[in-house]
$ cat input18.cif   # mmCIF, C-alpha atoms and all ligand atoms
data_structure
#
loop_
_atom_site.label_atom_id
_atom_site.label_comp_id
_atom_site.auth_asym_id
_atom_site.auth_seq_id
_atom_site.Cartn_x
_atom_site.Cartn_y
_atom_site.Cartn_z
CA MET A 1 -16.64 -86.03 -31.06
CA SER A 2 -19.82 -87.25 -29.38
CA TYR A 3 -22.97 -89.06 -30.51
CA THR A 4 -26.57 -88.36 -29.60
CA ILE A 5 -28.36 -91.34 -28.10
CA ALA A 6 -32.16 -91.28 -27.90
CA LEU A 7 -33.38 -93.36 -24.97
CA ASN A 8 -36.97 -94.43 -25.62
CA PHE A 9 -38.49 -95.62 -22.37
CA GLU A 10 -41.36 -98.07 -22.11
CA ASP A 11 -43.81 -95.33 -21.07
CA GLY A 12 -43.24 -93.33 -24.27
CA VAL A 13 -40.83 -90.78 -22.73
CA THR A 14 -37.70 -90.04 -24.79
CA ARG A 15 -34.52 -88.62 -23.23
CA PHE A 16 -31.44 -87.65 -25.24
CA ILE A 17 -27.91 -88.12 -23.91
CA GLN A 18 -24.49 -87.46 -25.41
CA CYS A 19 -22.02 -90.33 -25.60
CA ASN A 20 -18.35 -89.45 -26.12
CA ALA A 21 -16.26 -91.35 -28.67
CA GLY A 22 -15.21 -94.65 -27.10
CA GLU A 23 -17.58 -94.24 -24.15
CA LYS A 24 -20.01 -96.99 -23.16
CA VAL A 25 -23.67 -96.02 -23.24
CA LEU A 26 -24.28 -97.10 -19.64
CA ASP A 27 -21.45 -94.83 -18.43
CA ALA A 28 -22.63 -91.91 -20.57
CA ALA A 29 -26.17 -92.28 -19.25
CA TYR A 30 -24.99 -92.45 -15.65
CA ARG A 31 -22.82 -89.34 -16.18
CA GLN A 32 -25.99 -87.54 -17.33
CA LYS A 33 -27.99 -88.78 -14.32
CA VAL A 34 -29.98 -91.43 -16.17
CA ASN A 35 -29.69 -94.69 -14.25
CA LEU A 36 -30.27 -97.29 -16.96
CA PRO A 37 -31.02 -100.81 -15.67
CA MET A 38 -27.78 -102.53 -14.70
CA ASP A 39 -26.31 -104.98 -12.25
CA CYS A 40 -22.82 -106.31 -12.99
CA SER A 41 -21.80 -103.58 -15.52
CA ASP A 42 -19.46 -106.25 -16.86
CA GLY A 43 -21.35 -108.14 -19.59
CA VAL A 44 -22.26 -111.02 -17.29
CA CYS A 45 -25.84 -110.64 -16.03
CA GLY A 46 -27.84 -109.31 -19.02
CA THR A 47 -29.76 -106.82 -16.83
CA CYS A 48 -28.80 -103.89 -19.08
CA LYS A 49 -30.21 -105.49 -22.26
CA CYS A 50 -31.98 -103.04 -24.59
CA HIS A 51 -32.96 -103.00 -28.25
CA CYS A 52 -31.24 -100.67 -30.72
CA PRO A 53 -33.51 -100.13 -33.76
CA SER A 54 -31.16 -97.68 -35.46
CA GLY A 55 -27.56 -96.55 -35.47
CA ASN A 56 -24.14 -98.21 -35.61
CA TYR A 57 -22.29 -99.55 -32.61
CA SER A 58 -19.84 -102.16 -31.43
CA LEU A 59 -20.28 -104.53 -28.49
CA GLY A 60 -16.76 -105.92 -28.31
CA GLU A 61 -16.24 -109.53 -27.24
CA ASP A 62 -15.98 -109.17 -23.48
CA TYR A 63 -19.48 -110.35 -22.59
CA LEU A 64 -20.95 -113.75 -21.84
CA GLU A 65 -23.27 -115.69 -24.15
CA GLU A 66 -25.61 -116.02 -21.13
CA ALA A 67 -25.93 -112.23 -21.03
CA LEU A 68 -26.51 -111.81 -24.77
CA ASP A 69 -26.64 -114.73 -27.18
CA GLU A 70 -25.87 -114.64 -30.89
CA ASP A 71 -29.50 -114.55 -32.01
CA GLU A 72 -30.17 -111.61 -29.72
CA ALA A 73 -27.10 -109.77 -31.01
CA GLN A 74 -28.28 -110.46 -34.60
CA ALA A 75 -31.66 -108.98 -33.67
CA ARG A 76 -29.89 -105.81 -32.50
CA GLN A 77 -30.32 -106.48 -28.79
CA VAL A 78 -27.44 -104.79 -26.98
CA LEU A 79 -25.85 -104.65 -23.54
CA THR A 80 -25.54 -100.96 -22.69
CA CYS A 81 -22.61 -101.75 -20.37
CA GLN A 82 -20.70 -102.98 -23.47
CA MET A 83 -22.16 -100.86 -26.25
CA ILE A 84 -19.91 -98.21 -27.82
CA PRO A 85 -21.75 -96.14 -30.45
CA ASP A 86 -20.18 -95.35 -33.84
CA SER A 87 -23.06 -93.02 -34.82
CA ASP A 88 -26.17 -91.45 -33.32
CA CYS A 89 -28.38 -94.29 -32.04
CA VAL A 90 -31.90 -94.97 -30.79
CA LEU A 91 -32.30 -97.34 -27.83
CA ASP A 92 -35.56 -98.91 -26.67
CA VAL A 93 -35.26 -99.23 -22.89
CA PRO A 94 -37.68 -101.85 -21.51
CA VAL A 95 -38.60 -99.94 -18.33
CA ALA A 96 -40.37 -96.67 -17.49
CA ALA A 97 -38.34 -93.45 -17.34
CA ALA A 98 -39.03 -93.06 -13.60
CA ALA A 99 -37.37 -96.42 -12.93
CA CYS A 100 -34.17 -94.85 -14.33
CA LYS A 101 -34.57 -91.80 -12.10
CA THR A 102 -35.35 -89.62 -15.08
CA GLY A 103 -38.48 -88.23 -16.65
CA ILE A 104 -39.94 -86.17 -19.38
CA SER A 105 -38.12 -82.95 -20.37
CA SER A 106 -39.76 -79.53 -20.10
CA PHE A 107 -39.10 -76.52 -22.28
CA ASN A 108 -40.07 -72.88 -21.96
CA ALA A 109 -40.92 -71.55 -25.38
CA THR A 110 -42.36 -68.44 -26.97
CA VAL A 111 -44.59 -68.15 -29.99
CA LYS A 112 -42.57 -66.98 -32.99
CA ARG A 113 -45.44 -66.98 -35.49
CA VAL A 114 -48.93 -68.33 -35.97
CA THR A 115 -50.19 -68.55 -39.54
CA ALA A 116 -53.63 -69.62 -40.74
CA LEU A 117 -52.71 -71.78 -43.76
CA SER A 118 -56.39 -72.44 -44.48
CA GLU A 119 -59.66 -72.40 -42.57
CA SER A 120 -58.80 -75.80 -41.16
CA ALA A 121 -55.02 -75.65 -40.64
CA ILE A 122 -52.75 -73.45 -38.55
CA GLU A 123 -48.97 -73.40 -38.55
CA LEU A 124 -47.40 -72.65 -35.17
CA VAL A 125 -43.70 -71.85 -34.93
CA VAL A 126 -42.11 -71.68 -31.46
CA GLU A 127 -38.68 -70.70 -30.17
CA THR A 128 -37.03 -72.28 -27.14
CA ASP A 129 -33.92 -71.36 -25.19
CA GLY A 130 -32.49 -74.88 -25.58
CA SER A 131 -32.19 -77.16 -28.56
CA LEU A 132 -35.34 -79.18 -29.31
CA ASN A 133 -34.22 -82.75 -29.70
CA PHE A 134 -36.72 -85.31 -30.91
CA LEU A 135 -36.88 -88.17 -33.36
CA PRO A 136 -38.51 -87.14 -36.66
CA GLY A 137 -42.17 -88.15 -36.29
CA GLN A 138 -42.40 -87.67 -32.50
CA TYR A 139 -44.74 -85.28 -30.70
CA ILE A 140 -44.63 -82.96 -27.70
CA ASN A 141 -47.31 -81.82 -25.25
CA ILE A 142 -48.14 -78.12 -25.25
CA GLN A 143 -50.07 -76.59 -22.36
CA VAL A 144 -53.02 -74.50 -23.49
CA PRO A 145 -52.13 -71.05 -22.04
CA GLY A 146 -54.29 -69.99 -19.10
CA THR A 147 -55.49 -73.56 -18.48
CA PRO A 148 -54.01 -76.69 -16.92
CA GLN A 149 -54.84 -78.70 -20.07
CA VAL A 150 -52.30 -80.01 -22.56
CA ARG A 151 -52.59 -81.01 -26.21
CA ALA A 152 -50.22 -83.27 -28.15
CA TYR A 153 -48.67 -81.99 -31.40
CA SER A 154 -46.26 -83.71 -33.76
CA PHE A 155 -43.28 -81.67 -34.85
CA SER A 156 -43.31 -80.77 -38.54
CA SER A 157 -39.76 -79.37 -38.49
CA LEU A 158 -36.21 -80.71 -38.41
CA PRO A 159 -34.93 -81.78 -34.96
CA GLY A 160 -31.97 -80.18 -33.23
CA SER A 161 -32.63 -76.44 -33.46
CA ASN A 162 -34.17 -74.00 -31.01
CA GLU A 163 -37.09 -73.48 -33.35
CA GLY A 164 -39.92 -75.99 -33.76
CA SER A 165 -42.96 -75.93 -35.98
CA PHE A 166 -46.33 -77.66 -35.89
CA LEU A 167 -49.22 -78.13 -38.29
CA ILE A 168 -52.43 -77.92 -36.28
CA ARG A 169 -56.02 -78.62 -37.22
CA ASN A 170 -58.35 -75.74 -36.37
CA VAL A 171 -61.06 -77.70 -34.55
CA PRO A 172 -64.21 -75.55 -34.24
CA GLY A 173 -64.66 -74.68 -30.55
CA GLY A 174 -61.45 -76.51 -29.60
CA LEU A 175 -59.57 -75.11 -26.63
CA MET A 176 -56.13 -74.87 -28.25
CA SER A 177 -57.64 -74.09 -31.65
CA GLN A 178 -59.42 -71.04 -30.22
CA TRP A 179 -56.32 -69.85 -28.39
CA LEU A 180 -54.25 -70.15 -31.56
CA SER A 181 -56.88 -68.48 -33.74
CA HIS A 182 -57.81 -65.60 -31.46
CA LYS A 183 -55.26 -65.02 -28.74
CA ALA A 184 -51.79 -66.21 -29.74
CA VAL A 185 -49.33 -63.39 -30.47
CA ALA A 186 -45.61 -63.41 -31.15
CA GLY A 187 -43.71 -63.60 -27.87
CA ALA A 188 -46.51 -65.35 -25.93
CA PRO A 189 -44.99 -67.90 -23.52
CA LEU A 190 -45.70 -71.61 -23.94
CA SER A 191 -44.85 -74.60 -21.80
CA LEU A 192 -43.80 -77.80 -23.61
CA THR A 193 -43.14 -81.30 -22.25
CA GLY A 194 -41.67 -84.14 -24.26
CA PRO A 195 -40.71 -85.44 -26.75
CA MET A 196 -42.81 -88.58 -26.73
CA GLY A 197 -43.84 -91.50 -28.87
CA SER A 198 -42.69 -94.47 -30.86
CA PHE A 199 -43.80 -93.06 -34.23
CA TYR A 200 -40.51 -91.98 -35.77
CA LEU A 201 -38.50 -92.58 -38.92
CA ARG A 202 -36.42 -95.77 -38.86
CA ASP A 203 -33.17 -96.27 -40.80
CA GLY A 204 -33.34 -98.53 -43.80
CA GLU A 205 -33.27 -98.86 -47.56
CA ARG A 206 -36.77 -100.17 -48.21
CA PRO A 207 -39.24 -98.03 -50.16
CA LEU A 208 -41.29 -95.73 -47.94
CA LEU A 209 -45.04 -95.23 -48.18
CA MET A 210 -46.27 -92.26 -46.13
CA LEU A 211 -50.03 -91.95 -45.59
CA ALA A 212 -51.16 -88.66 -44.06
CA GLY A 213 -54.70 -87.59 -43.17
CA GLY A 214 -55.16 -83.80 -42.80
CA THR A 215 -52.70 -82.39 -40.28
CA GLY A 216 -51.34 -85.94 -39.98
CA LEU A 217 -48.99 -84.47 -42.59
CA ALA A 218 -46.98 -82.88 -39.72
CA PRO A 219 -44.78 -85.84 -38.71
CA MET A 220 -44.23 -86.75 -42.37
CA LEU A 221 -42.79 -83.25 -42.90
CA ALA A 222 -40.33 -83.78 -40.03
CA MET A 223 -39.34 -87.11 -41.63
CA LEU A 224 -39.00 -85.57 -45.11
CA HIS A 225 -36.82 -82.72 -43.78
CA THR A 226 -34.63 -85.39 -42.16
CA LEU A 227 -34.46 -87.48 -45.35
CA VAL A 228 -33.34 -84.35 -47.23
CA GLN A 229 -30.66 -83.76 -44.60
CA GLN A 230 -29.54 -87.40 -45.02
CA GLN A 231 -29.50 -86.92 -48.83
CA SER A 232 -31.68 -90.01 -49.00
CA THR A 233 -32.18 -91.77 -52.32
CA ARG A 234 -34.96 -93.99 -50.97
CA ASP A 235 -38.08 -94.49 -53.00
CA ILE A 236 -40.68 -92.40 -51.10
CA THR A 237 -44.39 -91.98 -51.91
CA LEU A 238 -46.64 -89.70 -49.89
CA LEU A 239 -50.43 -89.96 -50.17
CA TYR A 240 -51.90 -86.86 -48.54
CA GLY A 241 -55.63 -87.18 -47.88
CA VAL A 242 -57.92 -84.26 -46.97
CA ASN A 243 -61.66 -83.55 -46.94
CA SER A 244 -61.82 -80.64 -49.39
CA ASP A 245 -59.56 -78.75 -51.82
CA ASP A 246 -59.23 -75.91 -49.29
CA ASP A 247 -57.73 -78.30 -46.75
CA LEU A 248 -54.71 -79.01 -48.98
CA VAL A 249 -51.85 -76.97 -47.53
CA LEU A 250 -48.07 -76.69 -47.95
CA GLY A 251 -48.14 -77.93 -51.55
CA GLU A 252 -45.10 -75.75 -52.36
CA LEU A 253 -43.09 -77.33 -49.56
CA LEU A 254 -44.02 -80.81 -50.82
CA GLU A 255 -42.98 -79.78 -54.33
CA SER A 256 -39.65 -78.59 -52.95
CA PHE A 257 -39.09 -82.03 -51.38
CA ALA A 258 -39.65 -83.50 -54.83
CA THR A 259 -36.74 -81.43 -56.15
CA GLN A 260 -34.45 -82.33 -53.23
CA LEU A 261 -35.22 -86.04 -52.90
CA PRO A 262 -34.67 -87.97 -56.16
CA GLY A 263 -36.99 -90.84 -55.11
CA PHE A 264 -39.86 -88.71 -53.74
CA SER A 265 -43.32 -88.25 -55.20
CA TRP A 266 -46.60 -87.21 -53.61
CA LEU A 267 -50.27 -87.33 -54.50
CA PRO A 268 -53.09 -85.34 -52.93
CA VAL A 269 -56.33 -87.25 -52.40
CA VAL A 270 -59.50 -85.24 -51.73
CA ALA A 271 -62.66 -86.79 -50.27
CA ALA A 272 -65.16 -84.21 -51.64
CA SER A 273 -66.75 -85.41 -54.90
CA GLU A 274 -66.80 -81.85 -56.34
CA SER A 275 -63.01 -81.53 -55.88
CA ALA A 276 -60.79 -80.43 -58.77
CA CYS A 277 -58.20 -82.97 -57.65
CA PRO A 278 -57.71 -85.96 -60.00
CA GLN A 279 -57.50 -88.33 -56.99
CA LYS A 280 -60.87 -88.34 -55.25
CA GLY A 281 -62.10 -90.35 -52.29
CA TYR A 282 -59.85 -91.80 -49.59
CA VAL A 283 -56.16 -92.71 -49.66
CA THR A 284 -57.08 -96.40 -49.44
CA GLU A 285 -58.62 -96.14 -52.93
CA HIS A 286 -55.32 -95.01 -54.43
CA PHE A 287 -52.90 -97.74 -53.40
CA THR A 288 -51.01 -99.19 -56.35
CA SER A 289 -49.04 -102.42 -56.48
CA LYS A 290 -45.87 -100.34 -56.99
CA MET A 291 -46.50 -98.48 -53.71
CA LEU A 292 -47.22 -101.67 -51.78
CA ASN A 293 -44.23 -103.46 -53.41
CA GLU A 294 -45.51 -106.92 -52.39
CA GLY A 295 -45.12 -105.91 -48.73
CA ASP A 296 -41.43 -105.00 -49.03
CA VAL A 297 -42.18 -101.47 -47.86
CA ASP A 298 -42.01 -99.33 -44.69
CA ILE A 299 -45.40 -97.71 -44.12
CA TYR A 300 -45.85 -94.62 -41.93
CA LEU A 301 -49.48 -93.71 -41.30
CA CYS A 302 -50.82 -90.72 -39.38
CA GLY A 303 -54.18 -89.04 -39.07
CA PRO A 304 -57.55 -89.24 -37.34
CA PRO A 305 -58.43 -92.64 -35.84
CA PRO A 306 -61.03 -93.61 -38.52
CA MET A 307 -58.46 -93.10 -41.27
CA VAL A 308 -55.81 -95.12 -39.44
CA ASN A 309 -58.33 -97.93 -38.87
CA ALA A 310 -59.47 -97.84 -42.52
CA VAL A 311 -55.89 -98.16 -43.81
CA THR A 312 -55.14 -101.01 -41.42
CA SER A 313 -58.19 -102.99 -42.49
CA THR A 314 -57.62 -102.28 -46.20
CA LEU A 315 -54.07 -103.62 -45.97
CA GLN A 316 -55.41 -106.72 -44.24
CA ALA A 317 -58.10 -107.17 -46.91
CA LEU A 318 -55.45 -106.84 -49.63
CA GLY A 319 -53.33 -109.44 -47.85
CA VAL A 320 -50.44 -106.99 -47.56
CA ASN A 321 -48.22 -107.52 -44.54
CA PRO A 322 -45.73 -104.63 -44.73
CA ALA A 323 -42.16 -105.29 -43.61
CA GLY A 324 -42.35 -102.12 -41.51
CA PHE A 325 -45.58 -100.51 -40.29
CA TRP A 326 -45.88 -97.61 -37.83
CA TYR A 327 -48.86 -95.39 -37.15
CA GLU A 328 -49.95 -92.46 -35.00
CA LYS A 329 -53.60 -91.73 -34.24
CA PHE A 330 -54.48 -88.08 -33.57
CA ILE A 331 -56.83 -88.97 -30.73
CA ALA A 332 -58.66 -86.02 -29.11
CA SER A 333 -57.35 -85.40 -25.59
CA GLN A 334 -59.08 -87.25 -22.74
CA SER A 335 -60.05 -83.97 -21.08
CA ALA A 336 -61.72 -82.73 -24.28
CA ALA A 337 -63.48 -86.04 -24.82
CA ALA A 338 -64.78 -85.90 -21.22
C1 LIG B 401 -49.91 -88.28 -30.27
C2 LIG B 401 -50.77 -87.18 -30.82
C3 LIG B 401 -50.22 -86.28 -31.72
C4 LIG B 401 -51.02 -85.27 -32.25
N1 LIG B 401 -50.48 -84.42 -33.18
C5 LIG B 401 -51.29 -83.51 -33.76
C6 LIG B 401 -50.79 -82.64 -34.80
O1 LIG B 401 -49.61 -82.68 -35.15
N2 LIG B 401 -51.65 -81.79 -35.39
C7 LIG B 401 -52.98 -81.72 -35.00
O2 LIG B 401 -53.72 -80.94 -35.59
N3 LIG B 401 -53.46 -82.49 -34.02
C8 LIG B 401 -52.66 -83.37 -33.39
N4 LIG B 401 -53.17 -84.15 -32.39
C9 LIG B 401 -54.51 -83.83 -31.87
C10 LIG B 401 -54.39 -82.67 -30.85
O3 LIG B 401 -53.68 -83.13 -29.70
C11 LIG B 401 -55.72 -82.11 -30.34
O4 LIG B 401 -56.55 -83.14 -29.92
C12 LIG B 401 -56.46 -81.30 -31.39
O5 LIG B 401 -55.61 -80.29 -31.89
C13 LIG B 401 -57.70 -80.62 -30.80
O6 LIG B 401 -57.32 -79.76 -29.75
P1 LIG B 401 -58.22 -78.50 -29.34
O7 LIG B 401 -57.79 -78.08 -27.98
O8 LIG B 401 -58.23 -77.47 -30.42
O9 LIG B 401 -59.67 -79.11 -29.26
P2 LIG B 401 -60.38 -79.86 -27.97
O10 LIG B 401 -60.69 -78.77 -26.97
O11 LIG B 401 -59.40 -80.90 -27.57
O12 LIG B 401 -61.61 -80.45 -28.63
C14 LIG B 401 -62.85 -79.76 -28.83
C15 LIG B 401 -63.90 -80.72 -29.33
O13 LIG B 401 -63.54 -81.20 -30.63
C16 LIG B 401 -63.39 -82.62 -30.64
N5 LIG B 401 -62.22 -82.91 -31.45
C17 LIG B 401 -60.92 -82.79 -31.07
N6 LIG B 401 -60.10 -83.11 -32.08
C18 LIG B 401 -60.89 -83.43 -33.11
C19 LIG B 401 -60.66 -83.84 -34.44
N7 LIG B 401 -59.42 -84.02 -34.91
N8 LIG B 401 -61.72 -84.06 -35.26
C20 LIG B 401 -62.97 -83.89 -34.81
N9 LIG B 401 -63.27 -83.50 -33.55
C21 LIG B 401 -62.25 -83.27 -32.72
C22 LIG B 401 -63.21 -83.01 -29.17
O14 LIG B 401 -63.65 -84.33 -28.91
C23 LIG B 401 -64.05 -81.97 -28.46
O15 LIG B 401 -65.40 -82.34 -28.46
C24 LIG B 401 -52.38 -85.14 -31.84
C25 LIG B 401 -52.91 -86.04 -30.91
C26 LIG B 401 -52.12 -87.05 -30.41
C27 LIG B 401 -52.72 -88.00 -29.41
S1 LIG B 402 -25.11 -104.79 -16.47
FE1 LIG B 402 -24.77 -106.91 -16.46
S2 LIG B 402 -24.54 -107.35 -18.56
FE2 LIG B 402 -24.63 -105.21 -18.53
#
$ encode --input "input18.cif" --output "C-alpha cells"
Amino acid sequence: MSYTIALNFEDGVTRFIQCNAGEKVLDAAYRQKVNLPMDCSDGVCGTCKCHCPSGNYSLGEDYLEEALDEDEAQARQVLTCQMIPDSDCVLDVPVAAAACKTGISSFNATVKRVTALSESAIELVVETDGSLNFLPGQYINIQVPGTPQVRAYSFSSLPGSNEGSFLIRNVPGGLMSQWLSHKAVAGAPLSLTGPMGSFYLRDGERPLLMLAGGTGLAPMLAMLHTLVQQQSTRDITLLYGVNSDDDLVLGELLESFATQLPGFSWLPVVAASESACPQKGYVTEHFTSKMLNEGDVDIYLCGPPPMVNAVTSTLQALGVNPAGFWYEKFIASQSAAA
C-alpha cells in the first residue's frame, strides 16, 4: 500500500512522489531524490514545515511546540519529518522546486486524436508512455511542434492514466491552433512539461460553483470526472459561458455528469443576443442567491482574463466573500503577445 503525495512548490511546479504505508513524507521524498527543506529531521527545528490543503495524515506526538504549535497544526501546517499520510495528500512546499534539487517533469507523448468540436474548439487527446499525474484543474505546457514555443493547456481528463485530453480554443492565426487544425495527425510526437499550477479541486463538503468561459471548461471537466470517481454528493453548479450557440460544446458529456453526480446541474449562458439559449449575456448576470449560498461556497473560475476580472468585481459588488475562491486566467503566451 502506498499513497500519492503531490508536492506543490512555490514556483508552480508540481512533483508526485509515492509514500509507503507508515513512511514519513520527508523520507519518501528523499528516497525519490526530492530534497525537501529539513534540518534536524526530528521535529525540533520547524525547517520542514509545509501546508497540507488536502488529505489525511498523522503527525504523532514526538515533535516540539516550538517546531509546530497547536494553532499551526489546526491550520493543517505539518512537519514533513513527522507526517505519515493515511491517504493521498497535497503539500504546499514554501520553496522553489530547484531548491529541493528537483524540477518540472517532462513527458514524450503522441497525438492520439484531434477533433474539431466546433469552429472555435478543438479536442486534443494524447498518449504518453508513463502515467500522467496531475491535480484535477492543473495544466501542462505543450511545445508547438517545429518551434521552440510552448503553450499552456489545462487537462480536461481524469488524472493517473497514460492518456490525457485537452479542450483548446481555435484562435485564428494562432501558432498552436494552426498546427492542430492543419498539421496534427495521429502518432505525431509532442513534448510536454508539467504539471503546473495552483488551480485544482480541493477536498470539502461545501457547495461548488464552477464558472467556465469558453474552453475554460477544460479544468472543470477534469474536476467533474474526479468528483464522479469520488462518488461525490456535493451540490455542484456549473455556469458555462460562451459567445455564440456554436461555441457550446460537450453538452452530452455535461448531461452525463448530471446523471452520475446527484448534486450536479449546469446552465449554458450565451453572450449573443440572437442565441436560442434561455440564458443570455454573461455568467455574472445569472448568479442566484442559491448558487452564492451567502458566501458558504467554493468557487472555481476559469476563462479569458476579462471574464475572470468581471466575475471578481461582480462578487465584490454583491458583497459576496466566498469561503473558497480559486481562478485560472487563460492568458495568451508572452511570446505570442510580443
Ligand atoms: C495556465 C493556462 C492554462 C491554459 N489552458 C488553456 C486551455 O485549457 N484551453 C485553451 O484553449 N487555452 C488555454 N490557455 C491559453 C493557451 O495557452 C494559448 O494561449 C492559446 O491556446 C492560444 O495559443 P495559439 O498558439 O493558438 O495562439 P498564439 O500564437 O499564442 O496567439 C495568436 C494571437 O492570438 C492572440 N490570442 C491568444 N489567445 C487568445 C485568446 N484566448 N483570445 C483572443 N486572442 C488570443 C495572441 O495575443 C496573438 O496575437 C491557457 C493559458 C494559461 C496561461
Ligand atoms: S526537519 Fe526539523 S522539524 Fe522537521
$ residues_near_point --input "input18.cif" --point "(-32.6, -89.5, -51.5)" --cutoff "10 Å" --atoms "all atoms listed in the file" --output "VMD selection string"
chain A and resid 224 227 to 236 257 to 258 260 to 264
$ write_last_selection --input "input18.cif" --atoms "C-alpha atoms" --output "compact mmCIF listing (two decimals), in the frame of the given file"
# COMPACT_ATOMS: atom_id res chain seq x y z
CA LEU A 224 -39.00 -85.57 -45.11
CA LEU A 227 -34.46 -87.48 -45.35
CA VAL A 228 -33.34 -84.35 -47.23
CA GLN A 229 -30.66 -83.76 -44.60
CA GLN A 230 -29.54 -87.40 -45.02
CA GLN A 231 -29.50 -86.92 -48.83
CA SER A 232 -31.68 -90.01 -49.00
CA THR A 233 -32.18 -91.77 -52.32
CA ARG A 234 -34.96 -93.99 -50.97
CA ASP A 235 -38.08 -94.49 -53.00
CA ILE A 236 -40.68 -92.40 -51.10
CA PHE A 257 -39.09 -82.03 -51.38
CA ALA A 258 -39.65 -83.50 -54.83
CA GLN A 260 -34.45 -82.33 -53.23
CA LEU A 261 -35.22 -86.04 -52.90
CA PRO A 262 -34.67 -87.97 -56.16
CA GLY A 263 -36.99 -90.84 -55.11
CA PHE A 264 -39.86 -88.71 -53.74
$ residues_near_ligand --input "input18.cif" --ligand "ligand LIG 401 (chain B)" --cutoff "9 Å" --atoms "only C-alpha atoms and all ligand atoms" --output "PyMOL selection string"
chain A and resi 121-122+138-142+144+149-156+166-180+196-197+199+214-219+302-305+328-338
$ residues_near_ligand --input "input18.cif" --ligand "ligand LIG 402 (chain B)" --cutoff "10 Å" --atoms "all atoms listed in the file" --output "list in words"
Leu26, Leu36, Pro37, Met38, Asp39, Cys40, Ser41, Asp42, Gly43, Val44, Cys45, Gly46, Thr47, Cys48, Lys49, Cys50, Tyr63, Leu64, Glu66, Ala67, Leu68, Val78, Leu79, Thr80, Cys81, Gln82 and Met83 of chain A
$ closest_residue --input "input18.cif" --among "A:Cys52, A:Ala98, A:Val114, A:Ile17" --to "Asn133 in chain A" --atoms "all atoms listed in the file"
A:Ile17
$ atom_distance --input "input18.cif" --atom1 "CA of Tyr57 in chain A" --atom2 "CA of Ile299 in chain A"
25.9 Å
$ atom_distance --input "input18.cif" --atom1 "CA of Leu318 in chain A" --atom2 "CA of Trp266 in chain A"
21.9 Å
